[in-house]
>>> print(open('data_35.pdb').read())   # PDB, C-alpha atoms
MODEL        1
ATOM      1  CA  MET A   1      -2.330 -21.153  -9.162
ATOM      2  CA  GLY A   2      -1.594 -18.594  -6.435
ATOM      3  CA  ILE A   3      -3.455 -18.310  -3.169
ATOM      4  CA  PHE A   4      -5.832 -15.794  -4.741
ATOM      5  CA  GLY A   5      -6.704 -18.036  -7.681
ATOM      6  CA  ARG A   6      -4.789 -15.922 -10.211
ATOM      7  CA  LYS A   7      -2.181 -17.219 -12.603
ATOM      8  CA  ARG A   8       1.191 -15.925 -11.473
ATOM      9  CA  SER A   9       3.883 -14.642 -13.785
ATOM     10  CA  SER A  10       7.237 -16.350 -14.232
ATOM     11  CA  PRO A  11      10.528 -15.433 -15.879
ATOM     12  CA  ALA A  12       9.945 -18.256 -18.357
ATOM     13  CA  SER A  13       6.486 -17.151 -19.509
ATOM     14  CA  GLY A  14       7.050 -13.398 -19.265
ATOM     15  CA  ARG A  15       3.365 -12.967 -18.381
ATOM     16  CA  ARG A  16       1.834 -10.560 -15.878
ATOM     17  CA  THR A  17      -1.626 -10.515 -14.331
ATOM     18  CA  GLY A  18      -2.298  -6.999 -15.565
ATOM     19  CA  PRO A  19      -4.830  -5.634 -18.079
ATOM     20  CA  PRO A  20      -5.430  -7.806 -21.186
ATOM     21  CA  GLY A  21      -3.277  -6.817 -24.124
ATOM     22  CA  GLU A  22      -0.893  -4.805 -21.990
ATOM     23  CA  GLU A  23       2.428  -3.914 -23.637
ATOM     24  CA  HIS A  24       5.327  -5.809 -22.078
ATOM     25  CA  TRP A  25       6.939  -3.060 -19.975
ATOM     26  CA  TRP A  26       7.998  -5.068 -16.882
ATOM     27  CA  ASP A  27      11.064  -7.082 -15.978
ATOM     28  CA  ASP A  28      10.084 -10.759 -15.885
ATOM     29  CA  GLY A  29      12.147 -11.653 -12.808
ATOM     30  CA  ASP A  30      10.964  -8.655 -10.799
ATOM     31  CA  GLN A  31       7.369  -9.309 -11.793
ATOM     32  CA  ALA A  32       7.579 -12.918 -10.690
ATOM     33  CA  PHE A  33       8.896 -11.713  -7.338
ATOM     34  CA  VAL A  34       6.183  -9.106  -6.657
ATOM     35  CA  GLU A  35       3.425 -11.531  -7.604
ATOM     36  CA  GLN A  36       4.393 -13.907  -4.830
ATOM     37  CA  PRO A  37       2.180 -13.544  -1.726
ATOM     38  CA  LEU A  38       3.317 -10.549   0.331
ATOM     39  CA  LEU A  39       1.441 -11.636   3.463
ATOM     40  CA  ALA A  40       0.486 -14.958   5.054
ATOM     41  CA  SER A  41      -2.293 -15.828   7.471
ATOM     42  CA  ARG A  42       0.217 -15.974  10.342
ATOM     43  CA  ASP A  43       0.982 -12.273   9.749
ATOM     44  CA  LEU A  44      -2.603 -11.265  10.517
ATOM     45  CA  GLY A  45      -3.909 -13.842  12.960
ATOM     46  CA  HIS A  46      -7.234 -15.602  13.480
ATOM     47  CA  GLY A  47     -10.285 -14.508  11.531
ATOM     48  CA  TRP A  48      -8.547 -13.163   8.433
ATOM     49  CA  GLN A  49      -8.909 -14.612   4.947
ATOM     50  CA  SER A  50      -7.425 -13.772   1.561
ATOM     51  CA  VAL A  51      -9.877 -12.427  -1.006
ATOM     52  CA  PRO A  52      -9.551 -11.501  -4.696
ATOM     53  CA  MET A  53     -10.186  -7.900  -5.717
ATOM     54  CA  PRO A  54     -11.305  -8.326  -9.357
ATOM     55  CA  ASN A  55     -12.867  -4.851  -9.521
ATOM     56  CA  ASN A  56      -9.814  -3.081  -8.149
ATOM     57  CA  ALA A  57      -8.337  -1.271 -11.157
ATOM     58  CA  GLU A  58      -4.580  -1.621 -11.163
ATOM     59  CA  ARG A  59      -2.931   1.784 -11.598
ATOM     60  CA  LEU A  60       0.623   2.003 -12.846
ATOM     61  CA  ASP A  61       0.661   5.515 -11.374
ATOM     62  CA  PRO A  62      -0.728   5.679  -7.805
ATOM     63  CA  TYR A  63      -0.773   9.469  -7.629
ATOM     64  CA  GLY A  64      -3.295  12.127  -8.633
ATOM     65  CA  ASP A  65      -3.495  15.284 -10.752
ATOM     66  CA  ASP A  66      -2.442  17.736  -8.024
ATOM     67  CA  ALA A  67       0.877  19.569  -7.776
ATOM     68  CA  HIS A  68       2.081  17.427  -4.857
ATOM     69  CA  SER A  69       1.508  14.276  -6.895
ATOM     70  CA  ALA A  70       3.407  15.779  -9.830
ATOM     71  CA  THR A  71       6.479  16.296  -7.651
ATOM     72  CA  LEU A  72       6.289  12.771  -6.255
ATOM     73  CA  ARG A  73       5.698  11.327  -9.718
ATOM     74  CA  ALA A  74       8.858  12.966 -11.028
ATOM     75  CA  GLU A  75      10.942  11.372  -8.257
ATOM     76  CA  ARG A  76       9.268   7.996  -8.698
ATOM     77  CA  ASP A  77       9.744   8.019 -12.488
ATOM     78  CA  LYS A  78      13.502   8.495 -12.044
ATOM     79  CA  ARG A  79      13.668   5.020 -10.472
ATOM     80  CA  ARG A  80      11.940   3.311 -13.453
ATOM     81  CA  LEU A  81       9.157   0.912 -12.497
ATOM     82  CA  THR A  82      10.004  -2.724 -13.361
ATOM     83  CA  ALA A  83       7.145  -4.639 -11.697
ATOM     84  CA  LEU A  84       3.775  -4.101 -10.036
ATOM     85  CA  ASP A  85       1.166  -6.267  -8.366
ATOM     86  CA  GLU A  86      -2.111  -5.409  -6.646
ATOM     87  CA  GLY A  87      -5.695  -6.598  -6.825
ATOM     88  CA  ALA A  88      -5.763  -9.004  -3.868
ATOM     89  CA  ALA A  89      -6.502  -8.294  -0.215
ATOM     90  CA  TRP A  90      -7.052  -9.728   3.252
ATOM     91  CA  ARG A  91     -10.393  -9.329   5.017
ATOM     92  CA  GLN A  92     -11.701  -9.813   8.529
ATOM     93  CA  ARG A  93     -15.434 -10.332   8.147
ATOM     94  CA  LYS A  94     -16.443  -9.800  11.778
ATOM     95  CA  GLU A  95     -15.170  -6.228  12.005
ATOM     96  CA  ARG A  96     -15.381  -5.493   8.251
ATOM     97  CA  VAL A  97     -11.691  -4.659   8.061
ATOM     98  CA  LEU A  98      -9.692  -4.815   4.828
ATOM     99  CA  VAL A  99      -5.933  -4.867   4.198
ATOM    100  CA  VAL A 100      -5.012  -4.037   0.600
ATOM    101  CA  PRO A 101      -1.343  -4.413  -0.431
ATOM    102  CA  ARG A 102       0.407  -2.977  -3.474
ATOM    103  CA  VAL A 103       3.949  -4.107  -4.324
ATOM    104  CA  GLU A 104       6.309  -2.361  -6.730
ATOM    105  CA  ALA A 105       9.865  -2.945  -7.896
ATOM    106  CA  PHE A 106      12.125  -0.400  -9.550
ATOM    107  CA  ALA A 107      15.294  -0.567 -11.601
ATOM    108  CA  ASP A 108      17.146   1.527  -9.040
ATOM    109  CA  PRO A 109      17.054   1.662  -5.237
ATOM    110  CA  ASP A 110      15.876   4.924  -3.729
ATOM    111  CA  ASP A 111      18.722   7.437  -3.473
ATOM    112  CA  ARG A 112      16.671   9.036  -0.677
ATOM    113  CA  SER A 113      15.033  11.641  -2.923
ATOM    114  CA  HIS A 114      11.862   9.587  -3.530
ATOM    115  CA  ARG A 115      11.258   8.874   0.125
ATOM    116  CA  ALA A 116      12.310  12.388   1.113
ATOM    117  CA  ALA A 117       9.668  13.791  -1.226
ATOM    118  CA  TRP A 118       7.089  11.435   0.270
ATOM    119  CA  LYS A 119       7.985  12.539   3.791
ATOM    120  CA  MET A 120       7.477  16.144   2.761
ATOM    121  CA  LEU A 121       4.363  15.791   0.592
ATOM    122  CA  GLY A 122       2.716  12.462   1.536
ATOM    123  CA  PRO A 123      -0.273  13.758   3.566
ATOM    124  CA  ALA A 124      -1.104  16.531   1.098
ATOM    125  CA  CYS A 125      -0.837  14.062  -1.794
ATOM    126  CA  LEU A 126      -3.141  11.523  -0.124
ATOM    127  CA  ASP A 127      -5.678  14.210   0.752
ATOM    128  CA  ALA A 128      -5.847  15.187  -2.928
ATOM    129  CA  VAL A 129      -5.840  11.590  -4.199
ATOM    130  CA  TRP A 130      -8.657  10.551  -1.843
ATOM    131  CA  ARG A 131     -10.817  13.423  -3.110
ATOM    132  CA  GLU A 132      -9.973  12.635  -6.715
ATOM    133  CA  ARG A 133     -10.967   8.984  -6.307
ATOM    134  CA  TRP A 134     -14.372   9.996  -4.867
ATOM    135  CA  ARG A 135     -14.982  12.390  -7.761
ATOM    136  CA  GLU A 136     -14.155   9.571 -10.203
ATOM    137  CA  ARG A 137     -17.161   7.772  -8.673
ATOM    138  CA  ASP A 138     -19.311  10.899  -9.077
ATOM    139  CA  VAL A 139     -19.373  11.391  -5.299
ATOM    140  CA  ALA A 140     -18.610  14.744  -3.701
ATOM    141  CA  PRO A 141     -15.875  14.134  -1.093
ATOM    142  CA  GLY A 142     -16.662  15.069   2.491
ATOM    143  CA  TRP A 143     -14.299  16.134   5.249
ATOM    144  CA  ILE A 144     -10.984  14.297   4.784
ATOM    145  CA  GLU A 145      -7.796  14.625   6.782
ATOM    146  CA  ALA A 146      -4.460  12.889   6.153
ATOM    147  CA  ARG A 147      -1.806  13.164   8.849
ATOM    148  CA  TRP A 148       1.370  11.449   9.954
ATOM    149  CA  LYS A 149       1.022   8.862  12.671
ATOM    150  CA  SER A 150       2.748  10.301  15.724
ATOM    151  CA  ASP A 151       5.899   8.734  17.146
ATOM    152  CA  GLU A 152       4.039   8.217  20.416
ATOM    153  CA  GLU A 153       1.237   6.271  18.703
ATOM    154  CA  ILE A 154       3.718   4.123  16.808
ATOM    155  CA  ALA A 155       5.797   3.435  19.910
ATOM    156  CA  VAL A 156       2.805   1.756  21.562
ATOM    157  CA  VAL A 157       2.752  -1.012  18.922
ATOM    158  CA  GLY A 158       6.324  -0.761  17.641
ATOM    159  CA  PRO A 159       8.917  -3.546  17.970
ATOM    160  CA  THR A 160      11.442  -3.424  20.803
ATOM    161  CA  ASP A 161      14.102  -5.767  19.411
ATOM    162  CA  ASP A 162      16.992  -4.440  17.297
ATOM    163  CA  GLU A 163      15.916  -6.233  14.114
ATOM    164  CA  GLY A 164      12.341  -4.993  14.348
ATOM    165  CA  SER A 165      13.465  -1.458  15.158
ATOM    166  CA  ALA A 166      15.719  -1.432  12.094
ATOM    167  CA  ALA A 167      12.798  -2.540   9.900
ATOM    168  CA  LEU A 168      10.551   0.101  11.462
ATOM    169  CA  GLY A 169      13.021   2.720  10.282
ATOM    170  CA  GLN A 170      11.991   1.817   6.726
ATOM    171  CA  VAL A 171       8.269   2.388   7.382
ATOM    172  CA  ASP A 172       6.246   5.577   6.814
ATOM    173  CA  TRP A 173       2.737   5.680   8.291
ATOM    174  CA  ILE A 174      -0.016   8.146   7.402
ATOM    175  CA  THR A 175      -3.588   7.861   8.679
ATOM    176  CA  VAL A 176      -6.486   9.147   6.577
ATOM    177  CA  GLU A 177      -9.811  10.017   8.215
ATOM    178  CA  ASP A 178     -12.692  10.162   5.727
ATOM    179  CA  HIS A 179     -16.207  11.423   6.545
ATOM    180  CA  THR A 180     -17.552  11.208   2.977
ATOM    181  CA  THR A 181     -20.088   8.429   3.672
ATOM    182  CA  THR A 182     -20.654   9.154   7.379
ATOM    183  CA  ALA A 183     -24.136  10.642   6.905
ATOM    184  CA  GLU A 184     -25.350   7.424   5.248
ATOM    185  CA  SER A 185     -23.394   4.834   7.249
ATOM    186  CA  GLY A 186     -23.239   6.514  10.642
ATOM    187  CA  THR A 187     -19.543   5.592  10.866
ATOM    188  CA  ILE A 188     -16.243   7.269  10.023
ATOM    189  CA  ASP A 189     -13.837   5.482   7.696
ATOM    190  CA  ARG A 190     -10.179   5.412   8.635
ATOM    191  CA  TYR A 191      -7.325   4.212   6.458
ATOM    192  CA  GLU A 192      -3.878   3.345   7.774
ATOM    193  CA  HIS A 193      -1.627   4.080   4.779
ATOM    194  CA  VAL A 194       1.698   2.354   5.410
ATOM    195  CA  THR A 195       4.643   2.557   3.015
ATOM    196  CA  VAL A 196       7.539   0.098   3.347
ATOM    197  CA  TRP A 197      10.825   1.037   1.639
ATOM    198  CA  CYS A 198      13.356  -1.721   0.981
ATOM    199  CA  GLY A 199      16.064  -1.283  -1.660
ATOM    200  CA  ARG A 200      14.487  -1.572  -5.107
ATOM    201  CA  ALA A 201      11.120  -2.593  -3.684
ATOM    202  CA  VAL A 202       8.268  -0.582  -2.185
ATOM    203  CA  ALA A 203       5.098  -1.950  -0.600
ATOM    204  CA  THR A 204       2.021   0.103   0.218
ATOM    205  CA  LEU A 205      -0.442  -1.414   2.674
ATOM    206  CA  ILE A 206      -3.808   0.220   3.285
ATOM    207  CA  VAL A 207      -5.748  -0.972   6.334
ATOM    208  CA  ARG A 208      -9.346   0.196   6.021
ATOM    209  CA  HIS A 209     -11.473   0.140   9.171
ATOM    210  CA  ASP A 210     -14.180   1.846  11.197
ATOM    211  CA  ASP A 211     -12.753   4.754  13.167
ATOM    212  CA  ALA A 212     -14.077   3.172  16.366
ATOM    213  CA  LEU A 213     -11.672   0.236  15.940
ATOM    214  CA  ASP A 214      -7.993   0.239  16.831
ATOM    215  CA  LEU A 215      -6.058  -1.485  14.043
ATOM    216  CA  ASP A 216      -2.628  -0.062  14.860
ATOM    217  CA  ASP A 217      -1.277  -3.444  15.939
ATOM    218  CA  THR A 218      -2.458  -5.043  12.681
ATOM    219  CA  ALA A 219      -0.922  -2.264  10.608
ATOM    220  CA  MET A 220       2.385  -2.707  12.385
ATOM    221  CA  ARG A 221       2.385  -6.495  11.972
ATOM    222  CA  VAL A 222       1.749  -6.361   8.232
ATOM    223  CA  ALA A 223       4.332  -3.597   7.752
ATOM    224  CA  LEU A 224       7.078  -5.636   9.409
ATOM    225  CA  ALA A 225       5.999  -8.793   7.559
ATOM    226  CA  ALA A 226       6.111  -6.899   4.262
ATOM    227  CA  TYR A 227       9.629  -5.656   4.987
ATOM    228  CA  ARG A 228      10.824  -9.219   5.660
ATOM    229  CA  ARG A 229       9.350 -10.287   2.322
ATOM    230  CA  LEU A 230      10.702  -7.361   0.294
ATOM    231  CA  TRP A 231      14.169  -7.862   1.760
ATOM    232  CA  GLN A 232      14.446 -11.070  -0.284
ATOM    233  CA  LEU A 233      14.511  -9.186  -3.596
ATOM    234  CA  ASP A 234      18.045  -9.352  -5.051
ATOM    235  CA  ARG A 235      19.157 -11.660  -2.215
TER     236      ARG A 235
ENDMDL
END
>>> encode(input="data_35.pdb", output="structure tokens")
Amino acid sequence: MGIFGRKRSSPASGRRTGPPGEEHWWDDGDQAFVEQPLLASRDLGHGWQSVPMPNNAERLDPYGDDAHSATLRAERDKRRLTALDEGAAWRQRKERVLVVPRVEAFADPDDRSHRAAWKMLGPACLDAVWRERWRERDVAPGWIEARWKSDEEIAVVGPTDDEGSAALGQVDWITVEDHTTTAESGTIDRYEHVTVWCGRAVATLIVRHDDALDLDDTAMRVALAAYRRLWQLDR
């Protein structure tokens, strides 16, 4: 059993913890790799605990129905998805903060076109996807803004050593501010959407928190930890 209480896949069994009856589309070795824990308690610090996300529907396609998503989907499809794992998270109860990771592997490493498209269209894509997800819940989306994290903001929490700086070069960071539930909750939701690119592997980490809290340091720690983990694929 894994740390989230889910049966993990293995090259021998060829199983994946996806939807029941799912057609076998994945590579067994890659799937076994992505289903290993991406993060450990030491990556987050005191007060965090791993939690299952049984109601989190796993989407083979993370994008939406907008034109920006269509462009990104075309670039992503060229790489051919070979493994996917999501559905588990880390939570800090005191501040009601959640870190949700998604790990993917592809047949081919990025030839720079996938990431280049993300750098060009990422914020517009996330803006559309966030609104689409609210409408799927029959909720009218409120004011939402997705923007790149500035270099100055990242520098405050960024690594200063050569190894950490090299890893940071593989990280893209977009912050999403969402006012959809503000009238009811009295708070603004913020999501740190961090993408880690590493050869054939890609990790997406979403840190959800109250806008009044500063979770930049946490987002940076998990991004660098994810890169160290992804680097082991094909090694």
>>> closest_residue(input="data_35.pdb", among="A:Gln92, A:Ser150, A:Thr181, A:Ser41", to="Arg221 in chain A", atoms="all atoms listed in the file")
A:Ser41
>>> resolve_selection(input="data_35.pdb", expression="the PyMOL selection byres ((chain A and resi 167) around 12)", output="VMD selection string")
chain A and resid 158 to 166 168 to 172 195 to 198 220 to 231
>>> closest_residue(input="data_35.pdb", among="A:Arg135, A:Arg102, A:Arg73, A:Arg93", to="Leu121 in chain A", atoms="all atoms listed in the file")
A:Arg73
>>> resolve_selection(input="data_35.pdb", expression="the PyMOL selection byres ((chain A and resi 60) around 9)", output="PyMOL selection string")
chain A and resi 58-59+61-62+81+84
>>> resolve_selection(input="data_35.pdb", expression="the PyMOL selection byres ((chain A and resi 50) around 12)", output="number ranges by chain")
A: 2-5, 37-45, 47-49, 51-53, 87-93, 97-101
>>> atom_distance(input="data_35.pdb", atom1="CA of His179 in chain A", atom2="CA of Ala116 in chain A")
29.0 Å
>>> residues_near_point(input="data_35.pdb", point="(0.5, 8.4, 7.4)", cutoff="10 Å", atoms="only C-alpha atoms", output="PyMOL selection string")
chain A and resi 119+122-123+126+146-150+171-176+191-195
>>> atom_distance(input="data_35.pdb", atom1="CA of Lys94 in chain A", atom2="CA of Thr187 in chain A")
15.7 Å
>>> closest_residue(input="data_35.pdb", among="A:Arg115, A:Arg190, A:Arg96, A:Arg16", to="Ile144 in chain A", atoms="only C-alpha atoms")
A:Arg190
>>> build_atoms(input="data_35.pdb", residues="range 36-49 of chain A", atoms="N, CA and C atoms", output="short mmCIF file (atom, residue, chain, number, x, y, z; two decimals), in the coordinates of the input")
data_model
loop_
_atom_site.label_atom_id
_atom_site.label_comp_id
_atom_site.auth_asym_id
_atom_site.auth_seq_id
_atom_site.Cartn_x
_atom_site.Cartn_y
_atom_site.Cartn_z
N GLN A 36 4.45 -12.93 -5.92
CA GLN A 36 4.39 -13.91 -4.83
C GLN A 36 3.65 -13.28 -3.66
N PRO A 37 2.96 -14.10 -2.84
CA PRO A 37 2.18 -13.54 -1.73
C PRO A 37 3.03 -12.68 -0.80
N LEU A 38 2.60 -11.45 -0.56
CA LEU A 38 3.32 -10.55 0.33
C LEU A 38 3.07 -10.92 1.79
N LEU A 39 1.84 -11.33 2.09
CA LEU A 39 1.44 -11.64 3.46
C LEU A 39 0.95 -13.07 3.56
N ALA A 40 1.01 -13.62 4.76
CA ALA A 40 0.49 -14.96 5.05
C ALA A 40 -0.49 -14.85 6.22
N SER A 41 -1.29 -15.87 6.40
CA SER A 41 -2.29 -15.83 7.47
C SER A 41 -1.65 -15.62 8.84
N ARG A 42 -0.45 -16.13 9.04
CA ARG A 42 0.22 -15.97 10.34
C ARG A 42 0.56 -14.51 10.62
N ASP A 43 0.65 -13.68 9.56
CA ASP A 43 0.98 -12.27 9.75
C ASP A 43 -0.20 -11.48 10.29
N LEU A 44 -1.41 -11.99 10.11
CA LEU A 44 -2.60 -11.26 10.52
C LEU A 44 -3.33 -11.89 11.70
N GLY A 45 -3.27 -13.20 11.83
CA GLY A 45 -3.91 -13.84 12.96
C GLY A 45 -5.26 -14.45 12.62
N HIS A 46 -5.96 -14.89 13.65
CA HIS A 46 -7.23 -15.60 13.48
C HIS A 46 -8.31 -14.68 12.91
N GLY A 47 -9.14 -15.24 12.04
CA GLY A 47 -10.28 -14.51 11.53
C GLY A 47 -10.06 -13.78 10.22
N TRP A 48 -8.84 -13.83 9.70
CA TRP A 48 -8.55 -13.16 8.43
C TRP A 48 -8.54 -14.17 7.29
N GLN A 49 -8.96 -13.74 6.11
CA GLN A 49 -8.91 -14.61 4.95
C GLN A 49 -8.52 -13.79 3.72
#
